[in-house]
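run.cif, holding mmCIF, C-alpha atoms and all ligand atoms:
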```cif
data_data
loop_
_atom_site.label_atom_id
_atom_site.label_comp_id
_atom_site.auth_asym_id
_atom_site.auth_seq_id
_atom_site.Cartn_x
_atom_site.Cartn_y
_atom_site.Cartn_z
CA MET Y 94 19.06 -0.37 15.10
CA ARG Y 95 17.26 -2.52 12.58
CA ASP Y 96 16.56 -1.32 9.03
CA VAL Y 97 12.92 -0.33 8.43
CA ASN Y 98 12.07 -3.29 6.19
CA LEU Y 99 8.34 -2.90 5.96
CA VAL Y 100 5.57 -4.63 4.03
CA LEU Y 101 2.39 -2.58 4.18
CA ILE Y 102 -0.86 -4.54 3.79
CA GLY Y 103 -4.37 -3.10 3.76
CA PRO Y 104 -7.54 -2.98 1.71
CA PRO Y 105 -8.20 -0.25 -0.85
CA GLY Y 106 -9.26 2.87 1.04
CA SER Y 107 -7.31 1.90 4.18
CA GLY Y 108 -5.04 4.93 3.87
CA LYS Y 109 -1.96 2.91 2.94
CA GLY Y 110 -0.63 5.58 0.59
CA THR Y 111 -0.96 8.31 3.22
CA GLN Y 112 0.73 6.21 5.91
CA ALA Y 113 3.49 5.11 3.51
CA ALA Y 114 4.29 8.76 2.76
CA ARG Y 115 4.39 9.62 6.48
CA ILE Y 116 6.59 6.63 7.32
CA SER Y 117 8.90 7.55 4.45
CA ALA Y 118 9.24 11.15 5.70
CA ARG Y 119 9.81 10.12 9.32
CA TYR Y 120 12.32 7.32 8.81
CA GLY Y 121 13.95 8.41 5.55
CA VAL Y 122 13.19 5.20 3.69
CA PRO Y 123 11.60 5.06 0.23
CA ALA Y 124 7.90 4.21 -0.14
CA ILE Y 125 7.80 1.74 -3.03
CA SER Y 126 4.46 0.87 -4.62
CA THR Y 127 4.17 -1.73 -7.34
CA GLY Y 128 2.06 0.72 -9.35
CA ASP Y 129 4.95 3.20 -9.33
CA ILE Y 130 7.46 0.46 -10.20
CA LEU Y 131 5.41 -0.65 -13.21
CA ARG Y 132 4.89 2.90 -14.46
CA ALA Y 133 8.60 3.72 -14.02
CA ALA Y 134 9.68 0.53 -15.80
CA VAL Y 135 7.45 1.28 -18.78
CA LYS Y 136 8.71 4.87 -18.90
CA ALA Y 137 12.38 3.84 -18.68
CA LYS Y 138 11.95 1.40 -21.60
CA SER Y 139 14.26 -1.08 -19.86
CA PRO Y 140 14.13 -4.72 -21.03
CA LEU Y 141 11.81 -5.50 -18.09
CA GLY Y 142 9.81 -2.37 -18.87
CA ARG Y 143 9.21 -3.50 -22.42
CA GLN Y 144 7.87 -6.81 -21.11
CA VAL Y 145 5.56 -4.96 -18.69
CA GLU Y 146 4.31 -2.72 -21.48
CA ALA Y 147 3.46 -5.69 -23.68
CA ILE Y 148 1.63 -7.48 -20.85
CA MET Y 149 -0.35 -4.41 -19.86
CA ALA Y 150 -1.18 -3.60 -23.48
CA ALA Y 151 -2.66 -7.11 -23.75
CA GLY Y 152 -4.74 -6.43 -20.64
CA ASP Y 153 -3.00 -9.14 -18.63
CA LEU Y 154 -1.71 -9.03 -15.05
CA VAL Y 155 2.02 -8.96 -14.46
CA GLY Y 156 2.97 -12.43 -13.21
CA ASP Y 157 5.02 -13.41 -10.17
CA ASP Y 158 8.37 -13.87 -11.96
CA LEU Y 159 8.37 -10.49 -13.67
CA MET Y 160 7.06 -8.67 -10.60
CA ILE Y 161 9.75 -10.32 -8.47
CA ASP Y 162 12.46 -9.24 -10.93
CA LEU Y 163 11.16 -5.67 -10.91
CA VAL Y 164 11.07 -5.46 -7.11
CA ARG Y 165 14.54 -7.03 -6.84
CA GLU Y 166 15.85 -4.39 -9.24
CA ARG Y 167 14.10 -1.60 -7.29
CA LEU Y 168 15.44 -2.78 -3.94
CA ALA Y 169 18.97 -2.66 -5.39
CA ALA Y 170 18.60 1.08 -6.13
CA PRO Y 171 20.91 3.49 -4.26
CA ASP Y 172 18.11 5.07 -2.18
CA VAL Y 173 17.45 1.75 -0.43
CA THR Y 174 20.12 2.10 2.25
CA SER Y 175 18.31 1.69 5.57
CA GLY Y 176 15.10 -0.03 4.61
CA PHE Y 177 12.02 0.19 2.43
CA ILE Y 178 8.24 0.39 2.57
CA LEU Y 179 6.59 -1.98 0.11
CA ASP Y 180 3.00 -1.34 -0.95
CA GLY Y 181 1.36 -3.86 -3.26
CA PHE Y 182 4.13 -6.46 -2.90
CA PRO Y 183 4.17 -9.31 -2.01
CA ARG Y 184 0.71 -10.07 -3.38
CA THR Y 185 1.20 -13.85 -3.40
CA VAL Y 186 3.01 -16.38 -1.21
CA VAL Y 187 5.43 -17.01 -4.10
CA GLN Y 188 6.30 -13.31 -4.04
CA ALA Y 189 6.61 -13.38 -0.23
CA ASP Y 190 9.07 -16.28 -0.44
CA ALA Y 191 11.06 -14.38 -3.07
CA LEU Y 192 11.18 -11.27 -0.85
CA ASP Y 193 12.46 -13.37 2.07
CA ALA Y 194 15.28 -14.57 -0.19
CA MET Y 195 16.01 -11.04 -1.49
CA ILE Y 196 16.58 -9.58 1.98
CA ASP Y 197 18.54 -12.67 2.94
CA GLY Y 198 17.14 -13.26 6.41
CA CYS Y 199 17.10 -9.60 7.48
CA PRO Y 200 14.25 -8.77 9.87
CA LEU Y 201 11.04 -7.63 8.21
CA MET Y 202 7.75 -6.37 9.59
CA ALA Y 203 4.37 -6.89 7.96
CA LEU Y 204 2.17 -3.98 8.99
CA VAL Y 205 -1.52 -4.63 8.43
CA LEU Y 206 -3.90 -1.66 8.35
CA ALA Y 207 -7.14 -3.30 9.42
CA VAL Y 208 -10.34 -1.58 8.35
CA PRO Y 209 -13.75 -3.32 8.53
CA GLU Y 210 -15.22 -3.95 5.08
CA ALA Y 211 -18.28 -1.82 5.78
CA GLU Y 212 -16.01 1.12 6.62
CA VAL Y 213 -13.92 0.54 3.49
CA ALA Y 214 -17.09 0.51 1.39
CA ARG Y 215 -18.26 3.72 3.04
CA ARG Y 216 -14.91 5.41 2.41
CA LEU Y 217 -14.61 4.33 -1.21
CA SER Y 218 -18.20 5.20 -2.09
CA SER Y 219 -17.75 8.68 -0.59
CA ARG Y 220 -14.63 9.39 -2.64
CA ARG Y 221 -14.87 12.05 -5.30
CA ILE Y 222 -12.57 12.99 -8.12
CA CYS Y 223 -12.34 16.38 -9.83
CA ALA Y 224 -13.64 16.12 -13.38
CA GLY Y 225 -11.13 18.82 -14.34
CA CYS Y 226 -7.73 18.24 -12.74
CA LYS Y 227 -8.38 14.67 -11.45
CA THR Y 228 -7.52 15.51 -7.82
CA LEU Y 229 -8.87 12.73 -5.60
CA TYR Y 230 -10.84 13.75 -2.51
CA THR Y 231 -10.84 10.88 -0.05
CA GLY Y 232 -11.97 12.47 3.21
CA GLY Y 233 -15.44 13.54 4.24
CA THR Y 234 -14.01 16.90 5.27
CA ALA Y 235 -12.52 17.88 1.93
CA TYR Y 236 -15.91 18.51 0.41
CA GLY Y 237 -19.38 19.15 1.73
CA SER Y 238 -21.53 17.54 -0.92
CA GLU Y 239 -21.35 16.08 -4.38
CA LEU Y 240 -22.00 19.53 -5.77
CA GLU Y 241 -19.01 21.12 -4.08
CA LEU Y 242 -16.24 22.21 -6.37
CA CYS Y 243 -12.55 21.34 -6.55
CA SER Y 244 -10.50 23.57 -4.25
CA ARG Y 245 -7.66 23.51 -6.78
CA CYS Y 246 -9.30 24.26 -10.11
CA GLY Y 247 -13.00 24.84 -9.40
CA GLY Y 248 -13.98 21.71 -11.35
CA VAL Y 249 -17.00 19.57 -10.53
CA LEU Y 250 -16.39 16.64 -8.11
CA ILE Y 251 -17.77 13.33 -9.36
CA THR Y 252 -17.75 9.68 -8.22
CA ARG Y 253 -15.15 7.57 -10.00
CA PRO Y 254 -16.54 4.71 -12.11
CA ASP Y 255 -14.33 2.38 -10.04
CA ASP Y 256 -15.97 3.44 -6.79
CA ASN Y 257 -19.48 2.08 -7.41
CA ASP Y 258 -20.93 -0.56 -5.07
CA VAL Y 259 -20.44 -3.55 -7.38
CA THR Y 260 -16.82 -2.71 -8.14
CA ILE Y 261 -16.07 -1.97 -4.48
CA ALA Y 262 -17.47 -5.36 -3.41
CA ARG Y 263 -15.34 -7.10 -6.07
CA ARG Y 264 -12.19 -5.22 -5.05
CA LEU Y 265 -12.76 -6.14 -1.38
CA LEU Y 266 -13.18 -9.79 -2.28
CA GLN Y 267 -10.02 -9.70 -4.41
CA TYR Y 268 -8.14 -8.05 -1.57
CA ARG Y 269 -9.31 -10.64 0.97
CA GLN Y 270 -8.45 -13.58 -1.29
CA ALA Y 271 -5.00 -12.21 -2.13
CA SER Y 272 -4.01 -10.86 1.28
CA GLU Y 273 -5.06 -13.73 3.56
CA PRO Y 274 -2.36 -16.20 2.43
CA VAL Y 275 0.29 -13.47 2.49
CA ILE Y 276 -0.69 -12.35 6.01
CA GLY Y 277 -0.69 -16.04 7.01
CA HIS Y 278 2.85 -16.40 5.61
CA TYR Y 279 4.08 -13.62 7.91
CA GLN Y 280 1.90 -14.62 10.85
CA ALA Y 281 3.54 -18.03 10.89
CA ARG Y 282 6.86 -16.22 11.41
CA GLY Y 283 5.52 -13.85 14.08
CA LEU Y 284 6.14 -10.80 11.89
CA VAL Y 285 2.67 -9.27 11.71
CA VAL Y 286 1.60 -6.12 13.52
CA THR Y 287 -2.01 -5.10 13.03
CA VAL Y 288 -3.02 -1.47 13.45
CA ASP Y 289 -6.64 -0.33 13.61
CA GLY Y 290 -6.89 1.75 10.43
CA SER Y 291 -10.50 2.75 10.88
CA ARG Y 292 -9.64 5.85 12.92
CA GLY Y 293 -8.32 9.27 11.92
CA VAL Y 294 -5.00 9.35 10.02
CA ASP Y 295 -3.08 10.94 12.92
CA ASP Y 296 -4.22 8.25 15.40
CA VAL Y 297 -3.29 5.56 12.88
CA SER Y 298 0.12 7.16 12.27
CA ALA Y 299 0.81 7.29 16.02
CA ASP Y 300 0.28 3.51 16.34
CA VAL Y 301 2.20 2.85 13.13
CA PHE Y 302 5.21 4.82 14.41
CA THR Y 303 5.05 3.03 17.80
CA ALA Y 304 5.06 -0.31 16.00
CA ILE Y 305 7.98 0.68 13.75
CA ASP Y 306 10.00 2.07 16.66
CA GLY Y 307 9.50 -1.24 18.49
CA PHE Y 308 10.59 -3.12 15.41
CA ARG Y 309 13.68 -0.93 14.90
CA ASP Y 310 15.02 -1.29 18.43
CA GLY Y 311 14.36 -5.02 18.39
CA THR Y 312 11.58 -5.09 20.98
CA GLY Y 313 8.87 -5.61 18.33
CA PRO Y 314 6.92 -6.48 16.36
CA VAL Y 315 4.45 -5.87 19.12
CA PRO Y 316 0.85 -4.80 18.67
CA PRO Y 317 0.32 -1.23 19.86
CA PRO Y 318 -1.83 -1.09 23.03
CA SER Y 319 -4.65 0.95 21.49
CA ALA Y 320 -5.21 -1.41 18.53
CA GLY Y 321 -8.79 -2.47 18.16
ZN ZN W 401 -9.76 20.21 -9.95
#
```

Take the structure from the file and write it as structure tokens.
Amino acid sequence: MRDVNLVLIGPPGSGKGTQAARISARYGVPAISTGDILRAAVKAKSPLGRQVEAIMAAGDLVGDDLMIDLVRERLAAPDVTSGFILDGFPRTVVQADALDAMIDGCPLMALVLAVPEAEVARRLSSRRICAGCKTLYTGGTAYGSELELCSRCGGVLITRPDDNDVTIARRLLQYRQASEPVIGHYQARGLVVTVDGSRGVDDVSADVFTAIDGFRDGTGPVPPPSAG
């Protein structure tokens, strides 16, 4: 049985976080997001963390070398015994090459959650956040209208400043520009499985699990039959 070495790729609003949590629970492998790594590094005040803090304080993006060092350190942690789910890494081909070297030729699957841009825009623009406790409501079922109140604290649900049309369009463009070369890197090695992420979360999970099972027993990566 292969380790679940998984790179999760998908636009904002594709449900990556939800699927990563479900994969983690089902296969017992840690879901590792670069956002979490950066926050943890800053909090731990490690030498790398101090570098991250200085870069973020200056408003700069963490570069390839530092990000690669942080991920290498994270993948050496004791909970990474039978695989990992990476979310947000690799973001560049340089990072993808570094990951290949880190896992030293072990099989890896790049799982792409494909969601049409119009659907992503619809999802992001319908997101609401509680003005009180900051709970994020991503589904159309969690609230009835903009005036509905938070089910946790009764606070008012508002649109996040980041979820306006202009910002959404820019984030989609950034995603496309960053992800295409990385997907191409894995496509050239036959490692990409694309799952139609525009459906309900349970349907998406079913295809994701089928793809991972195929990868684990060595018959995959193969695209699940219902994709598209
Ligand atoms: Zn609330």

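Closest approach to Ala113 of chain Y among Y:Val186, Y:Thr174, Y:Val294, Y:Arg167: Y:Val294, based on all atoms listed in the file.
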
Seminar exercise, completed: Using all atoms listed in the file, the best pick from Y:Arg309, Y:Arg264, Y:Lys227, Y:Arg253 as closest to ligand ZN 401 (chain W) would be Y:Lys227

For this session: For segment 283-290 of chain Y, work out the shell of residues within 12 Å, counting all atoms listed in the file and skipping chain neighbours fewer than 4 positions away, then give it as number ranges by chain.
Result: Y: 98-109, 111-112, 193, 199-210, 212-213, 216, 275-279, 294-305, 307-308, 311, 313-321

Give me, as JSON lines, each residue of chain Y that comes within 6 Å of ligand ZN 401 (chain W), together with its shortest interatomic pair and the distance in Å at one decimal, counting only C-alpha atoms and all ligand atoms, with rows ordered by chain and rising residue number.
```
{"residue": "Y:Cys223", "atom": "CA", "partner": "W:ZN401", "partner_atom": "ZN", "distance": 4.6}
{"residue": "Y:Gly225", "atom": "CA", "partner": "W:ZN401", "partner_atom": "ZN", "distance": 4.8}
{"residue": "Y:Cys226", "atom": "CA", "partner": "W:ZN401", "partner_atom": "ZN", "distance": 4.0}
{"residue": "Y:Lys227", "atom": "CA", "partner": "W:ZN401", "partner_atom": "ZN", "distance": 5.9}
{"residue": "Y:Thr228", "atom": "CA", "partner": "W:ZN401", "partner_atom": "ZN", "distance": 5.6}
{"residue": "Y:Cys243", "atom": "CA", "partner": "W:ZN401", "partner_atom": "ZN", "distance": 4.5}
{"residue": "Y:Arg245", "atom": "CA", "partner": "W:ZN401", "partner_atom": "ZN", "distance": 5.0}
{"residue": "Y:Cys246", "atom": "CA", "partner": "W:ZN401", "partner_atom": "ZN", "distance": 4.1}
{"residue": "Y:Gly247", "atom": "CA", "partner": "W:ZN401", "partner_atom": "ZN", "distance": 5.7}
{"residue": "Y:Gly248", "atom": "CA", "partner": "W:ZN401", "partner_atom": "ZN", "distance": 4.7}
```

For this session: List the neighbours of segment 175-178 of chain Y out to 9 Å using all atoms listed in the file; skip same-chain residues closer than 6 positions along the sequence, and give me the result as an MDAnalysis selection string.
Result: chainID Y and resid 95:101 113 116:117 120:126 168

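Relative to atom CA of Leu217 of chain Y, atom CA of Thr231 of chain Y is found at 7.6 Å.
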
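The space between atom CA of Gln270 of chain Y and atom CA of Gly152 of chain Y spans 21.0 Å.
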
For this session: For each of Y:Arg132, Y:Ala224, Y:Arg263, Y:Ala271, take the minimum atom-to-atom distance to Ile251 of chain Y, counting only C-alpha atoms, then give the residue where this is smallest.
Result: Y:Ala224

Just the residues within 9 Å of Arg165 of chain Y, please, counting all atoms listed in the file, with nothing from its chain fewer than 5 positions along; format it as a short mmCIF file (atom, residue, chain, number, x, y, z; two decimals) with C-alpha atoms, keeping the file's coordinate frame.
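The resulting part_36.cif:
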```cif
data_model
loop_
_atom_site.label_atom_id
_atom_site.label_comp_id
_atom_site.auth_asym_id
_atom_site.auth_seq_id
_atom_site.Cartn_x
_atom_site.Cartn_y
_atom_site.Cartn_z
CA MET Y 160 7.06 -8.67 -10.60
CA ALA Y 191 11.06 -14.38 -3.07
CA LEU Y 192 11.18 -11.27 -0.85
CA MET Y 195 16.01 -11.04 -1.49
#
```

Exercise. Just how far from atom CA of Arg292 of chain Y is atom CA of Leu266 of chain Y, in Å to one decimal?
Worked result: 22.1 Å

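Among the candidates Y:Leu242, Y:Ile196, Y:Ile148, Y:Leu154, the residue lying nearest to Ala169 of chain Y is Y:Ile196 (atoms considered: all atoms listed in the file).
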
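All polymer residues at most 9 Å from (8.7, -4.5, -16.9), using only C-alpha atoms, appear as Y:Ile130, Y:Leu131, Y:Arg132, Y:Ala133, Y:Ala134, Y:Val135, Y:Lys138, Y:Ser139, Y:Pro140, Y:Leu141, Y:Gly142, Y:Arg143, Y:Gln144, Y:Val145, Y:Glu146, Y:Ala147, Y:Ile148, Y:Val155, Y:Leu159, Y:Met160, Y:Asp162, Y:Leu163.
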
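Counting only C-alpha atoms and comparing Y:Arg282, Y:Ser291, Y:Glu166, Y:Arg119, the residue that lies closest to Gly198 of chain Y is Y:Arg282.
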
Six-sided padding of 6 Å per side, axis-aligned box over segment 109-127 of chain Y, centre and edges in Å, one decimal, as lines of an AutoDock Vina configuration file:
```
center_x = 6.0
center_y = 4.7
center_z = 1.0
size_x = 27.9
size_y = 24.9
size_z = 28.7
```

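Proximity of Y:Arg184, Y:Arg215, Y:Lys136, Y:Arg115 to Asp256 of chain Y, computed with all atoms listed in the file, is greatest for Y:Arg215.
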